[in-house]
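For reference, model_21.txt (compact mmCIF, C-alpha atoms):
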```
# COMPACT_ATOMS: atom_id res chain seq x y z
CA MET A 2 -51.95 265.15 6.44
CA THR A 3 -52.12 263.03 9.60
CA GLY A 4 -54.79 260.49 10.37
CA PRO A 5 -57.24 260.70 13.27
CA ARG A 6 -55.87 260.29 16.79
CA SER A 7 -56.48 256.94 18.41
CA THR A 8 -58.83 256.63 21.36
CA SER A 9 -55.96 255.59 23.64
CA SER A 10 -53.83 258.61 22.71
CA GLY A 11 -56.84 260.85 23.32
CA LEU A 12 -57.33 259.36 26.77
CA ARG A 13 -53.64 259.88 27.54
CA ALA A 14 -54.02 263.54 26.62
CA LEU A 15 -56.81 263.86 29.20
CA ARG A 16 -54.77 262.13 31.90
CA PRO A 17 -54.05 264.53 34.81
CA ALA A 18 -50.37 265.39 35.16
CA ALA A 19 -50.51 264.27 38.80
CA PHE A 20 -51.14 260.69 37.68
CA GLY A 21 -47.50 260.62 36.59
CA ALA A 22 -46.24 258.09 34.07
CA ASP A 23 -46.08 254.31 33.86
CA PRO A 24 -42.62 252.71 33.64
CA GLY A 25 -41.57 251.56 30.21
CA GLY A 26 -38.58 250.60 28.11
CA ALA A 27 -35.35 249.82 29.97
CA ARG A 28 -36.96 250.77 33.29
CA MET A 29 -39.74 248.22 32.82
CA ALA A 30 -37.21 245.59 31.73
CA ARG A 31 -35.32 246.17 34.98
CA ILE A 32 -38.55 245.88 36.96
CA ARG A 33 -39.28 242.51 35.36
CA ARG A 34 -35.82 241.28 36.43
CA SER A 35 -36.46 242.19 40.07
CA PRO A 36 -36.68 239.17 42.40
CA HIS A 37 -39.61 240.95 44.04
CA PHE A 38 -41.65 241.18 40.82
CA LYS A 39 -43.78 238.15 40.02
CA ASP A 40 -46.93 237.48 38.00
CA GLY A 41 -46.83 241.00 36.61
CA VAL A 42 -46.76 242.87 39.94
CA PHE A 43 -44.46 243.64 42.85
CA GLN A 44 -44.94 241.24 45.75
CA ASN A 45 -45.07 242.03 49.47
CA PRO A 46 -42.78 240.45 52.05
CA GLY A 47 -44.58 238.06 54.35
CA GLY A 48 -47.12 236.95 51.77
CA PRO A 49 -50.04 238.72 50.07
CA ALA A 50 -51.35 241.88 51.72
CA ARG A 51 -54.89 243.16 51.39
CA THR A 52 -54.58 246.51 49.63
CA ARG A 53 -58.32 247.21 49.52
CA PRO A 54 -60.53 247.70 52.59
CA SER A 55 -61.88 244.47 54.02
CA GLY A 56 -65.55 244.09 54.92
CA SER A 57 -68.46 245.63 53.10
CA THR A 58 -68.60 249.10 51.60
CA LEU A 59 -71.65 249.76 53.76
CA ASP A 60 -69.77 248.93 56.97
CA LEU A 61 -66.90 251.21 55.97
CA ALA A 62 -69.30 254.02 55.09
CA LYS A 63 -71.05 253.70 58.45
CA VAL A 64 -67.74 254.11 60.27
CA PHE A 65 -66.66 257.15 58.25
CA LEU A 66 -70.07 258.85 58.48
CA ASP A 67 -70.75 258.14 62.16
CA LYS A 68 -72.04 261.37 63.70
CA GLU A 69 -70.34 260.83 67.06
CA THR A 70 -66.83 259.95 65.86
CA ARG A 71 -66.61 262.00 62.66
CA PRO A 72 -65.93 265.34 64.46
CA LEU A 73 -63.01 263.72 66.31
CA ARG A 74 -61.11 263.09 63.08
CA ALA A 75 -59.99 266.72 62.80
CA PRO A 76 -58.55 269.21 65.30
CA ARG A 77 -61.03 271.51 67.04
CA GLY A 78 -58.68 274.45 66.99
CA THR A 79 -55.54 275.72 65.27
CA VAL A 80 -52.70 273.20 65.30
CA PRO A 81 -49.70 274.80 67.06
CA VAL A 82 -47.18 274.71 64.22
CA HIS A 83 -43.64 275.69 65.18
CA PRO A 84 -42.70 278.83 63.20
CA THR A 85 -39.57 277.31 61.68
CA THR A 86 -37.16 279.80 60.13
CA PHE A 87 -34.05 279.42 58.04
CA ALA A 88 -32.11 280.54 61.11
CA ASP A 89 -33.40 277.49 63.02
CA LEU A 90 -31.73 275.25 60.46
CA ALA A 91 -28.69 277.35 59.54
CA GLU A 92 -26.50 276.31 62.47
CA SER A 93 -25.21 272.75 62.31
CA PRO A 94 -26.59 270.33 64.91
CA ALA A 95 -24.30 270.08 67.92
CA THR A 96 -24.53 266.27 67.98
CA GLY A 97 -24.30 265.77 64.21
CA LEU A 98 -27.94 264.66 63.87
CA ARG A 99 -31.08 266.79 63.85
CA LEU A 100 -34.59 265.94 62.68
CA THR A 101 -37.39 268.34 61.75
CA TRP A 102 -40.83 266.82 61.23
CA MET A 103 -42.68 269.01 58.73
CA GLY A 104 -45.96 267.12 59.11
CA HIS A 105 -47.27 263.76 57.89
CA SER A 106 -44.23 261.78 56.63
CA SER A 107 -42.12 264.77 55.56
CA VAL A 108 -38.91 264.99 57.60
CA LEU A 109 -35.73 267.00 57.10
CA ALA A 110 -32.81 264.99 58.48
CA GLU A 111 -29.47 266.73 58.99
CA ILE A 112 -27.00 263.91 59.40
CA ASP A 113 -23.21 264.06 59.53
CA GLY A 114 -22.98 267.28 57.56
CA ARG A 115 -25.56 266.37 54.90
CA ARG A 116 -29.26 267.14 54.50
CA VAL A 117 -31.86 264.54 53.54
CA LEU A 118 -35.51 265.38 52.87
CA PHE A 119 -37.95 262.48 53.16
CA ASP A 120 -41.29 262.43 51.32
CA PRO A 121 -41.69 266.19 50.81
CA VAL A 122 -45.40 267.07 50.67
CA TRP A 123 -45.96 270.82 50.63
CA GLY A 124 -49.18 270.70 48.57
CA GLU A 125 -52.55 271.72 49.97
CA ARG A 126 -54.20 268.38 49.19
CA CYS A 127 -52.93 264.82 48.81
CA SER A 128 -54.93 264.29 45.64
CA PRO A 129 -54.54 264.48 41.85
CA PHE A 130 -56.99 267.39 41.85
CA PRO A 131 -56.61 270.82 43.49
CA PHE A 132 -60.32 271.02 44.32
CA ALA A 133 -60.95 267.62 45.95
CA GLY A 134 -59.31 265.11 48.26
CA PRO A 135 -57.88 265.24 51.79
CA LYS A 136 -56.87 268.80 52.69
CA ARG A 137 -54.12 269.86 55.07
CA LEU A 138 -55.19 270.28 58.69
CA HIS A 139 -52.32 272.66 59.39
CA PRO A 140 -50.11 274.87 57.22
CA VAL A 141 -46.58 273.88 56.28
CA PRO A 142 -44.11 275.16 58.88
CA LEU A 143 -42.10 277.11 56.30
CA PRO A 144 -41.96 277.48 52.50
CA LEU A 145 -40.16 274.73 50.64
CA ALA A 146 -37.66 277.21 49.21
CA ALA A 147 -36.77 278.35 52.75
CA LEU A 148 -35.29 274.95 53.59
CA GLY A 149 -32.07 275.84 51.83
CA ASP A 150 -29.92 273.36 49.96
CA VAL A 151 -30.77 269.66 50.28
CA ASP A 152 -28.32 266.93 49.30
CA VAL A 153 -30.82 264.17 48.59
CA ILE A 154 -34.59 263.78 48.46
CA VAL A 155 -35.88 260.33 49.44
CA ILE A 156 -39.28 259.06 48.28
CA SER A 157 -40.85 256.02 49.96
CA HIS A 158 -43.56 255.29 47.36
CA ASP A 159 -45.83 256.96 44.85
CA HIS A 160 -49.06 257.59 46.80
CA TYR A 161 -50.24 261.20 46.80
CA ASP A 162 -49.51 261.81 50.47
CA HIS A 163 -45.84 260.88 49.89
CA LEU A 164 -45.12 261.89 46.30
CA ASP A 165 -46.53 265.37 45.75
CA LEU A 166 -46.54 266.90 42.26
CA PRO A 167 -46.33 270.58 43.35
CA SER A 168 -43.40 269.79 45.64
CA ILE A 169 -41.52 267.75 43.04
CA ARG A 170 -41.98 270.43 40.39
CA ALA A 171 -40.62 273.03 42.81
CA LEU A 172 -37.58 270.83 43.45
CA ALA A 173 -37.07 269.73 39.85
CA GLY A 174 -35.15 272.90 39.04
CA THR A 175 -32.50 272.26 41.69
CA ASP A 176 -29.48 269.96 41.40
CA THR A 177 -30.62 267.74 44.28
CA VAL A 178 -30.38 263.97 43.86
CA PHE A 179 -33.54 261.87 44.24
CA ALA A 180 -33.38 258.39 45.80
CA VAL A 181 -36.54 256.47 44.89
CA PRO A 182 -37.87 252.90 44.75
CA LEU A 183 -37.72 251.01 41.48
CA GLY A 184 -40.19 252.39 38.91
CA VAL A 185 -40.94 255.67 40.72
CA GLY A 186 -38.40 257.45 38.53
CA ALA A 187 -40.91 257.36 35.67
CA HIS A 188 -43.13 259.84 37.53
CA LEU A 189 -40.23 262.16 38.32
CA GLU A 190 -38.92 262.21 34.76
CA HIS A 191 -42.45 262.97 33.55
CA TRP A 192 -42.50 265.98 35.87
CA GLY A 193 -39.16 267.39 34.76
CA VAL A 194 -36.51 265.76 36.95
CA SER A 195 -33.40 264.97 34.92
CA PRO A 196 -32.63 261.22 34.69
CA ASP A 197 -29.03 261.80 35.78
CA ARG A 198 -30.33 262.98 39.16
CA LEU A 199 -32.21 259.76 39.87
CA ARG A 200 -30.98 256.89 42.04
CA GLU A 201 -33.65 254.23 41.49
CA LEU A 202 -33.28 251.23 43.81
CA ASP A 203 -34.75 247.80 44.39
CA TRP A 204 -34.96 246.46 47.94
CA HIS A 205 -31.52 245.80 49.46
CA GLU A 206 -29.77 248.04 46.90
CA SER A 207 -27.73 251.04 48.04
CA THR A 208 -26.39 254.27 46.63
CA GLU A 209 -23.93 256.83 47.99
CA VAL A 210 -24.60 260.56 47.99
CA GLY A 211 -22.14 262.97 49.55
CA GLY A 212 -20.71 260.44 51.98
CA LEU A 213 -24.11 259.04 52.98
CA THR A 214 -25.20 255.50 52.14
CA LEU A 215 -28.88 255.18 51.33
CA THR A 216 -30.41 251.69 51.22
CA ALA A 217 -33.92 250.78 50.09
CA THR A 218 -35.35 248.19 52.46
CA PRO A 219 -38.59 246.17 52.35
CA ALA A 220 -42.00 247.47 53.41
CA ARG A 221 -45.45 245.91 53.38
CA HIS A 222 -47.65 248.23 51.33
CA PHE A 223 -48.67 248.92 47.70
CA CYS A 224 -48.49 251.62 45.04
CA GLY A 225 -50.50 253.47 42.42
CA ARG A 226 -51.69 256.95 41.41
CA GLY A 227 -54.04 256.54 38.45
CA LEU A 228 -57.35 254.87 37.77
CA ARG A 229 -55.51 251.79 36.54
CA ASN A 230 -53.21 250.57 39.31
CA THR A 231 -50.58 248.48 37.53
CA GLN A 232 -48.46 247.76 40.67
CA HIS A 233 -45.35 248.46 38.59
CA THR A 234 -43.70 250.86 41.04
CA LEU A 235 -42.07 249.60 44.22
CA TRP A 236 -42.60 250.85 47.78
CA ALA A 237 -39.79 250.94 50.33
CA SER A 238 -38.52 251.90 53.73
CA TRP A 239 -35.11 253.58 53.86
CA VAL A 240 -31.89 253.36 55.84
CA VAL A 241 -29.51 256.33 55.74
CA SER A 242 -26.03 255.86 57.20
CA GLY A 243 -23.33 258.47 57.64
CA ASP A 244 -19.89 258.40 59.25
CA GLU A 245 -21.36 258.64 62.75
CA HIS A 246 -25.13 258.16 62.60
CA ARG A 247 -27.80 255.84 61.23
CA ILE A 248 -31.48 256.64 60.75
CA TYR A 249 -34.49 254.76 59.41
CA HIS A 250 -37.68 255.98 57.68
CA SER A 251 -40.49 253.45 57.45
CA GLY A 252 -42.54 254.98 54.65
CA ASP A 253 -45.95 253.30 54.77
CA THR A 254 -46.06 249.68 55.89
CA GLY A 255 -47.93 247.05 57.78
CA TYR A 256 -46.16 245.25 60.59
CA PHE A 257 -44.07 242.26 59.47
CA ASP A 258 -41.13 240.16 60.60
CA GLY A 259 -38.75 241.98 58.28
CA PHE A 260 -38.09 244.78 60.76
CA THR A 261 -35.89 242.43 62.76
CA GLU A 262 -33.91 241.54 59.64
CA ILE A 263 -33.51 245.20 58.66
CA GLY A 264 -32.26 246.02 62.14
CA ALA A 265 -29.80 243.13 62.14
CA ALA A 266 -28.39 244.19 58.77
CA HIS A 267 -28.30 247.97 59.22
CA GLY A 268 -29.01 248.93 62.85
CA PRO A 269 -29.10 249.86 65.57
CA PHE A 270 -30.37 253.33 64.72
CA ASP A 271 -29.89 256.67 66.40
CA ALA A 272 -33.45 257.53 65.36
CA THR A 273 -36.33 255.93 63.53
CA MET A 274 -39.21 257.69 61.79
CA ILE A 275 -42.13 255.29 62.04
CA GLN A 276 -45.63 255.41 60.49
CA ILE A 277 -48.20 255.30 63.31
CA GLY A 278 -51.28 256.94 61.73
CA ALA A 279 -54.02 256.21 59.16
CA TYR A 280 -54.53 252.69 60.53
CA SER A 281 -57.80 250.79 60.58
CA GLU A 282 -59.16 247.31 61.13
CA PHE A 283 -60.39 247.64 57.53
CA TRP A 284 -56.77 247.62 56.20
CA PRO A 285 -54.55 245.99 58.87
CA ASP A 286 -51.97 244.67 56.39
CA ILE A 287 -50.71 247.98 55.00
CA HIS A 288 -50.59 250.48 57.90
CA MET A 289 -49.39 250.09 61.46
CA THR A 290 -51.14 251.07 64.65
CA PRO A 291 -49.02 252.96 67.23
CA GLU A 292 -48.56 249.73 69.19
CA GLU A 293 -47.28 247.99 66.06
CA GLY A 294 -45.11 251.00 65.22
CA LEU A 295 -43.46 250.80 68.63
CA ARG A 296 -42.94 247.07 68.14
CA ALA A 297 -41.35 247.77 64.75
CA HIS A 298 -38.97 250.29 66.33
CA LEU A 299 -37.94 247.79 68.99
CA ASP A 300 -37.43 245.09 66.35
CA LEU A 301 -35.20 247.46 64.40
CA GLN A 302 -33.16 248.10 67.56
CA GLY A 303 -32.54 244.45 68.35
CA GLY A 304 -35.52 244.01 70.67
CA ALA A 305 -34.68 246.57 73.35
CA PRO A 306 -35.30 250.32 73.74
CA HIS A 307 -32.65 252.33 71.95
CA GLY A 308 -32.38 255.62 70.07
CA ALA A 309 -35.31 257.96 69.55
CA LEU A 310 -38.65 257.15 67.94
CA LEU A 311 -40.23 259.92 65.86
CA PRO A 312 -43.89 259.16 65.01
CA ILE A 313 -44.84 260.14 61.45
CA HIS A 314 -47.84 259.85 59.11
CA TRP A 315 -50.32 261.54 61.42
CA GLY A 316 -51.74 264.94 62.31
CA THR A 317 -51.65 266.54 58.85
CA PHE A 318 -54.31 264.77 56.75
CA ASN A 319 -57.50 262.94 57.69
CA LEU A 320 -57.01 259.53 56.04
CA ALA A 321 -58.66 257.04 58.43
CA PRO A 322 -61.60 256.72 60.83
CA HIS A 323 -59.58 256.97 64.05
CA PRO A 324 -59.61 260.22 66.07
CA TRP A 325 -57.12 262.85 64.91
CA ALA A 326 -55.18 262.89 68.19
CA GLU A 327 -55.29 259.16 68.91
CA PRO A 328 -51.95 258.29 67.25
CA GLY A 329 -50.15 260.81 69.44
CA GLU A 330 -51.82 259.68 72.66
CA TRP A 331 -51.40 255.98 71.92
CA THR A 332 -47.74 256.30 70.88
CA LYS A 333 -46.87 258.40 73.92
CA GLU A 334 -48.48 255.94 76.31
CA ALA A 335 -47.08 252.81 74.65
CA ALA A 336 -43.55 254.23 74.47
CA GLU A 337 -43.58 255.30 78.10
CA GLU A 338 -44.72 251.84 79.18
CA ALA A 339 -41.91 250.24 77.16
CA GLY A 340 -39.26 252.67 78.41
CA GLN A 341 -38.62 253.87 74.87
CA ALA A 342 -37.62 257.49 74.21
CA VAL A 343 -40.15 259.11 71.88
CA ALA A 344 -39.98 262.55 70.25
CA LEU A 345 -43.29 264.41 69.98
CA PRO A 346 -42.44 267.68 68.22
CA ARG A 347 -44.90 270.17 66.88
CA PRO A 348 -44.75 270.28 63.09
CA GLY A 349 -41.64 272.21 62.17
CA GLU A 350 -39.90 271.89 65.56
CA PRO A 351 -36.25 270.79 65.14
CA PHE A 352 -34.72 268.46 67.72
CA GLU A 353 -31.59 266.38 68.17
CA PRO A 354 -32.22 262.73 69.05
CA ALA A 355 -29.20 262.69 71.38
CA GLY A 356 -30.41 265.79 73.20
CA LYS A 357 -33.59 266.74 75.05
CA LEU A 358 -36.58 265.38 73.17
CA PRO A 359 -39.82 267.34 72.77
CA ALA A 360 -42.30 265.45 74.93
CA GLU A 361 -45.31 267.74 75.46
CA ALA A 362 -48.69 266.38 74.32
CA TRP A 363 -49.30 269.55 72.27
CA TRP A 364 -52.35 268.11 70.50
CA ARG A 365 -54.48 267.99 73.65
CA GLY A 366 -55.31 271.68 73.51
CA VAL A 367 -56.93 271.38 70.08
CA SER A 368 -58.44 267.90 70.04
CA GLY A 369 -61.63 266.33 71.19
CA GLU A 370 -61.79 263.51 73.70
CA VAL A 371 -59.54 260.58 72.88
CA ARG A 372 -61.13 257.38 74.07
CA ARG A 373 -58.56 254.72 74.80
CA THR A 374 -60.05 252.10 72.51
CA TRP A 375 -56.70 250.34 72.38
CA ARG A 376 -57.31 249.29 75.97
CA SER A 377 -60.60 247.58 75.14
CA VAL A 378 -60.90 243.80 75.34
CA GLY A 379 -60.46 242.19 71.96
CA ALA A 380 -59.08 245.32 70.27
CA PHE A 381 -57.82 244.54 66.80
CA VAL A 382 -54.24 245.44 67.78
CA ALA A 383 -54.00 242.99 70.65
CA GLU A 384 -51.73 240.50 68.88
CA PRO A 385 -49.18 240.76 66.05
CA PRO A 386 -50.76 239.91 62.69
CA LYS A 387 -50.14 236.36 61.54
CA ARG A 388 -48.72 236.01 58.07
CA GLY A 389 -49.52 232.94 56.05
```
Conversion result in structure tokens:
Amino acid sequence: MTGPRSTSSGLRALRPAAFGADPGGARMARIRRSPHFKDGVFQNPGGPARTRPSGSTLDLAKVFLDKETRPLRAPRGTVPVHPTTFADLAESPATGLRLTWMGHSSVLAEIDGRRVLFDPVWGERCSPFPFAGPKRLHPVPLPLAALGDVDVIVISHDHYDHLDLPSIRALAGTDTVFAVPLGVGAHLEHWGVSPDRLRELDWHESTEVGGLTLTATPARHFCGRGLRNTQHTLWASWVVSGDEHRIYHSGDTGYFDGFTEIGAAHGPFDATMIQIGAYSEFWPDIHMTPEEGLRAHLDLQGGAPHGALLPIHWGTFNLAPHPWAEPGEWTKEAAEEAGQAVALPRPGEPFEPAGKLPAEAWWRGVSGEVRRTWRSVGAFVAEPPKRG
């Protein structure tokens, strides 16, 4: 006869599956040996970053509940999703590199004969619960199974809008390799991914998959999925290099000097996928504005326009108080002023960075007025953030 269950084991039994699992054992021992892990948590480059909203809760609530601006945070009509088909992706890219933005930070990259899927989020909500949390503002361009074979799935960090339980469970039954930041493998194993399919990397570590070299590079962000945020899983940006092409995915990050170092070590890049949405003056350390995203791209390219910039982390979920269409408008304008080529595809629209880039401002037909607040005097994006 067994004794009564402990309170802690009972609480674990009630823990939603989407919370994932905390690292332990050999994985936790490796985390503790990381040069980026100190005082019991992973540390950000460039000094401490504020991971909680600054200012008062009342001020934040006023911004989110403002009657004039609240309607602008969602499209007014149906988002024109490109009806991607398997046929669109079946023929190899003529230039050897093709990108398909699936919405938010999910991108299928076909590079030098291999296929890389970044941050696949096919779920209806970025939330641990199916009945609450930010809901998709447009459908996925095509079913996950219709993508065909993928050589490697890359995860930037463990937040719900980047690491999606329904998507991972759908992919767990394949033989695809997962490249993830240190500690994130605990979630994937908990959800059924075999340990032998995991490539779990610290910053500046690399792995090879099918002739591609994937390198985890620094980012300025944070982690966590449950009620108790232990900061024991790393966040990362990623460099993927093939025989002919190099690409970069920023994940989520605030602007920092490290982009120049990443570019010097791994660039220049044929294309970058840069986070330019979900920014706010309430959390300036952990997300970039479009102006900062453009600056990051230029830093990665050695300081001058080069390659193609694909804006990501916008248009799919309402995660910040800025207008829904503002990231697109701001990025388009800033890139044109800088002479930088920018790709503005509809979700699901494949393009080749070396070919003709999609440039139409497709969001204008379904958005409210976008006021150019970034042109206002004293706007919070006027100068690069200073890091102490």
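Counting all atoms listed in the file, the residue from A:Leu148, A:Ala133, A:Leu295, A:Phe283 that sits nearest to A:Asp60 is A:Phe283.
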Within 8 Å of stretch 214-221 of chain A using all atoms listed in the file, minus same-chain residues under 5 positions, as an mmCIF file with C-alpha atoms, in the coordinates of the input:
```cif
data_model
loop_
_atom_site.group_PDB
_atom_site.id
_atom_site.type_symbol
_atom_site.label_atom_id
_atom_site.label_comp_id
_atom_site.auth_asym_id
_atom_site.auth_seq_id
_atom_site.Cartn_x
_atom_site.Cartn_y
_atom_site.Cartn_z
ATOM 1 C CA ASN A 45 -45.070 242.030 49.470
ATOM 2 C CA PRO A 46 -42.780 240.450 52.050
ATOM 3 C CA GLY A 47 -44.580 238.060 54.350
ATOM 4 C CA ALA A 50 -51.350 241.880 51.720
ATOM 5 C CA ALA A 180 -33.380 258.390 45.800
ATOM 6 C CA PRO A 182 -37.870 252.900 44.750
ATOM 7 C CA LEU A 202 -33.280 251.230 43.810
ATOM 8 C CA ASP A 203 -34.750 247.800 44.390
ATOM 9 C CA TRP A 204 -34.960 246.460 47.940
ATOM 10 C CA HIS A 205 -31.520 245.800 49.460
ATOM 11 C CA GLU A 206 -29.770 248.040 46.900
ATOM 12 C CA SER A 207 -27.730 251.040 48.040
ATOM 13 C CA THR A 208 -26.390 254.270 46.630
ATOM 14 C CA GLU A 209 -23.930 256.830 47.990
ATOM 15 C CA TRP A 236 -42.600 250.850 47.780
ATOM 16 C CA ALA A 237 -39.790 250.940 50.330
ATOM 17 C CA SER A 238 -38.520 251.900 53.730
ATOM 18 C CA TRP A 239 -35.110 253.580 53.860
ATOM 19 C CA VAL A 240 -31.890 253.360 55.840
ATOM 20 C CA VAL A 241 -29.510 256.330 55.740
ATOM 21 C CA SER A 242 -26.030 255.860 57.200
ATOM 22 C CA GLY A 243 -23.330 258.470 57.640
ATOM 23 C CA SER A 251 -40.490 253.450 57.450
ATOM 24 C CA GLY A 252 -42.540 254.980 54.650
ATOM 25 C CA ASP A 253 -45.950 253.300 54.770
ATOM 26 C CA THR A 254 -46.060 249.680 55.890
ATOM 27 C CA GLY A 255 -47.930 247.050 57.780
ATOM 28 C CA TYR A 256 -46.160 245.250 60.590
ATOM 29 C CA PHE A 257 -44.070 242.260 59.470
ATOM 30 C CA GLY A 259 -38.750 241.980 58.280
ATOM 31 C CA ILE A 263 -33.510 245.200 58.660
ATOM 32 C CA ASP A 286 -51.970 244.670 56.390
ATOM 33 C CA ILE A 287 -50.710 247.980 55.000
#
```
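Across the structure, atom CA of A:Leu73 and atom CA of A:Asn319 are spaced 10.3 Å apart.
The list of residues with at least one atom within 10 Å of A:Thr85, based on all atoms listed in the file and without residues fewer than 2 positions apart in the same chain, reads Val82, His83, Phe87, Ala88, Asp89, Leu90, Thr101, Met103, Val141, Pro142, Leu143, Pro144, Ala147, Leu148, Pro348, Gly349, Glu350 and Pro351 of chain A.
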Only C-alpha atoms, please: the residues just picked out, written as a PDB file, keeping the file's coordinate frame.
```
ATOM      1  CA  VAL A  82     -47.180 274.710  64.220  1.00  0.00           C
ATOM      2  CA  HIS A  83     -43.640 275.690  65.180  1.00  0.00           C
ATOM      3  CA  PHE A  87     -34.050 279.420  58.040  1.00  0.00           C
ATOM      4  CA  ALA A  88     -32.110 280.540  61.110  1.00  0.00           C
ATOM      5  CA  ASP A  89     -33.400 277.490  63.020  1.00  0.00           C
ATOM      6  CA  LEU A  90     -31.730 275.250  60.460  1.00  0.00           C
ATOM      7  CA  THR A 101     -37.390 268.340  61.750  1.00  0.00           C
ATOM      8  CA  MET A 103     -42.680 269.010  58.730  1.00  0.00           C
ATOM      9  CA  VAL A 141     -46.580 273.880  56.280  1.00  0.00           C
ATOM     10  CA  PRO A 142     -44.110 275.160  58.880  1.00  0.00           C
ATOM     11  CA  LEU A 143     -42.100 277.110  56.300  1.00  0.00           C
ATOM     12  CA  PRO A 144     -41.960 277.480  52.500  1.00  0.00           C
ATOM     13  CA  ALA A 147     -36.770 278.350  52.750  1.00  0.00           C
ATOM     14  CA  LEU A 148     -35.290 274.950  53.590  1.00  0.00           C
ATOM     15  CA  PRO A 348     -44.750 270.280  63.090  1.00  0.00           C
ATOM     16  CA  GLY A 349     -41.640 272.210  62.170  1.00  0.00           C
ATOM     17  CA  GLU A 350     -39.900 271.890  65.560  1.00  0.00           C
ATOM     18  CA  PRO A 351     -36.250 270.790  65.140  1.00  0.00           C
TER      19      PRO A 351
END
```
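For the set A:Pro81, A:Leu66, A:Asp271, A:His139, the residue with the smallest atom-to-atom gap to A:Ala362 is A:Pro81, counting all atoms listed in the file.
Shortest separation to A:Arg372 among A:Pro167, A:Pro359, A:Pro328, A:Pro76 occurs at residue A:Pro328, atoms counted being only C-alpha atoms.
For the residues A:Pro24, A:Pro49, A:Gly278, A:Gly225, ranking by smallest atom-to-atom distance to A:Thr332 using all atoms listed in the file places A:Gly278 first.
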Find the residues around stretch 127-129 of chain A up to 9 Å (all atoms listed in the file counted), leave out those fewer than 4 positions away in its own chain, and share them as a PyMOL selection string.
chain A and resi 17-20+122+133-137+160-166+226-227+318
So that I can check the surroundings of A:Ala309, please list as a ChimeraX atom specification every protein, DNA and RNA residue that reaches within 12 Å of it, counting only C-alpha atoms and ignoring chain neighbours fewer than 2 positions away.
/A:98-100,247-249,269-275,295,298-299,301-302,306-307,311-312,336,340-345,352-360
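Counting all atoms listed in the file and comparing A:Pro285, A:Gly264, A:Pro324, A:Gly212, the residue that lies closest to A:Gly303 is A:Gly264.
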Out of A:Asp120, A:Glu190, A:Glu282, A:Glu201, which residue has the shortest atom-to-atom distance to A:Pro322 when counting all atoms listed in the file?
A:Glu282
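Going from atom CA of A:Ile156 over to atom CA of A:Ser195, you cover 15.7 Å.
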Rounded to one decimal place, report the atom CA of A:Trp325-atom CA of A:His288 distance in Å.
15.6 Å
Got a sec to check which residues sit within 6 Å of (-44.9, 252.0, 64.8), counting only C-alpha atoms, and write them as a PyMOL selection string?
chain A and resi 275-277+289+291+293-295+297
Box for stretch 283-301 of chain A - axis-aligned, 4 Å on each of the six sides, all listed atoms - centre and size in Å to one decimal, as JSON.
```
{"center_x": -47.8, "center_y": 248.8, "center_z": 62.1, "size_x": 33.2, "size_y": 16.3, "size_z": 22.2}
```
If we count all atoms listed in the file and set the cut-off at 10 Å, which residues sit around A:Phe38, ignoring sequence neighbours fewer than 4 positions away in its own chain? Please answer as an mmCIF file with C-alpha atoms, in the coordinates of the input.
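Produced file part_39.cif, reproduced below:
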```
data_model
loop_
_atom_site.group_PDB
_atom_site.id
_atom_site.type_symbol
_atom_site.label_atom_id
_atom_site.label_comp_id
_atom_site.auth_asym_id
_atom_site.auth_seq_id
_atom_site.Cartn_x
_atom_site.Cartn_y
_atom_site.Cartn_z
ATOM 1 C CA ARG A 31 -35.320 246.170 34.980
ATOM 2 C CA ILE A 32 -38.550 245.880 36.960
ATOM 3 C CA ARG A 33 -39.280 242.510 35.360
ATOM 4 C CA ARG A 34 -35.820 241.280 36.430
ATOM 5 C CA VAL A 42 -46.760 242.870 39.940
ATOM 6 C CA PHE A 43 -44.460 243.640 42.850
ATOM 7 C CA GLN A 44 -44.940 241.240 45.750
ATOM 8 C CA ASN A 45 -45.070 242.030 49.470
ATOM 9 C CA GLN A 232 -48.460 247.760 40.670
ATOM 10 C CA HIS A 233 -45.350 248.460 38.590
ATOM 11 C CA THR A 234 -43.700 250.860 41.040
ATOM 12 C CA LEU A 235 -42.070 249.600 44.220
#
```
